[in-house]
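Single-structure report; data block below.
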Amino acid sequence: WSLLPTLAIQAVVGVLEYGAQKYAPENWRKVENARTRYYDAAMRHIHSWWLGEQIDVESGHHHLAHAICCLIFLLAVELEDQH
């Protein structure tokens with residue numbers, strides 16, 4: 001755990017808290033077509049960041065933190081499907 005970059009993790013947790021307030025805690029698990037939707041969302045956030053926009057206008061959180069959340073959700077779905 002000591003290897004995790006604290007500031008980046010805090011930014012990701014901020015996005016998770018935003019999503020939990022906007023929708024509901026663990027609501028990401030209820031999304032239909034999760035693989036496609038979270039891939040698309042991750043790519044939208046990465047693309048926005050690549051074009052020079054650091055902060056998502058709607059949430060006020062960093063685009064890369066949003067993208068990381070999407071990738072974590074994809075990984076969680078993938079790993080849970082394997083079990």
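Here, A, B, ... name the chains of the structure tokens in the order displayed, residue numbers run from 1 inside each chain, and ligands are numbered from 1 in the same displayed order.
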For this session: List the neighbours of stretch 53-60 of chain A out to 10 Å using only C-alpha atoms; skip same-chain residues closer than 5 positions along the sequence, and give me the result as a PyMOL selection string.
Result: chain A and resi 14-15+18-19+22+45-48+65-66
For this session: Write out as a PyMOL selection string all residues of chain A that backbone DSSP assigns to helix (DSSP H, G or I).
Result: chain A and resi 6-22+27-30+34-50+63-82
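You will find atom CA of A:Arg29 at 25.4 Å from atom CA of A:Trp49.
Residue nearest A:Cys69 within the list A:Met43, A:Leu51, A:Leu16, A:Ala34: A:Leu16 [criterion: smallest interatomic distance, only C-alpha atoms].
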Non-local contacts of A:Ala41 (8 Å; only C-alpha atoms; under 4 positions in same chain excluded) as an mmCIF file with C-alpha atoms, in the first residue's frame:
data_model
loop_
_atom_site.group_PDB
_atom_site.id
_atom_site.type_symbol
_atom_site.label_atom_id
_atom_site.label_comp_id
_atom_site.auth_asym_id
_atom_site.auth_seq_id
_atom_site.Cartn_x
_atom_site.Cartn_y
_atom_site.Cartn_z
ATOM 1 C CA ARG A 37 -20.094 2.383 -21.184
ATOM 2 C CA HIS A 45 -12.111 11.759 -20.184
ATOM 3 C CA ALA A 67 -10.763 7.931 -16.391
ATOM 4 C CA CYS A 70 -13.736 4.012 -15.201
#
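Between atom CA of A:Trp28 and atom CA of A:Glu78 the interatomic distance comes to 13.7 Å.
Atom CA of A:Arg35 sits 23.5 Å away from atom CA of A:Ala8.
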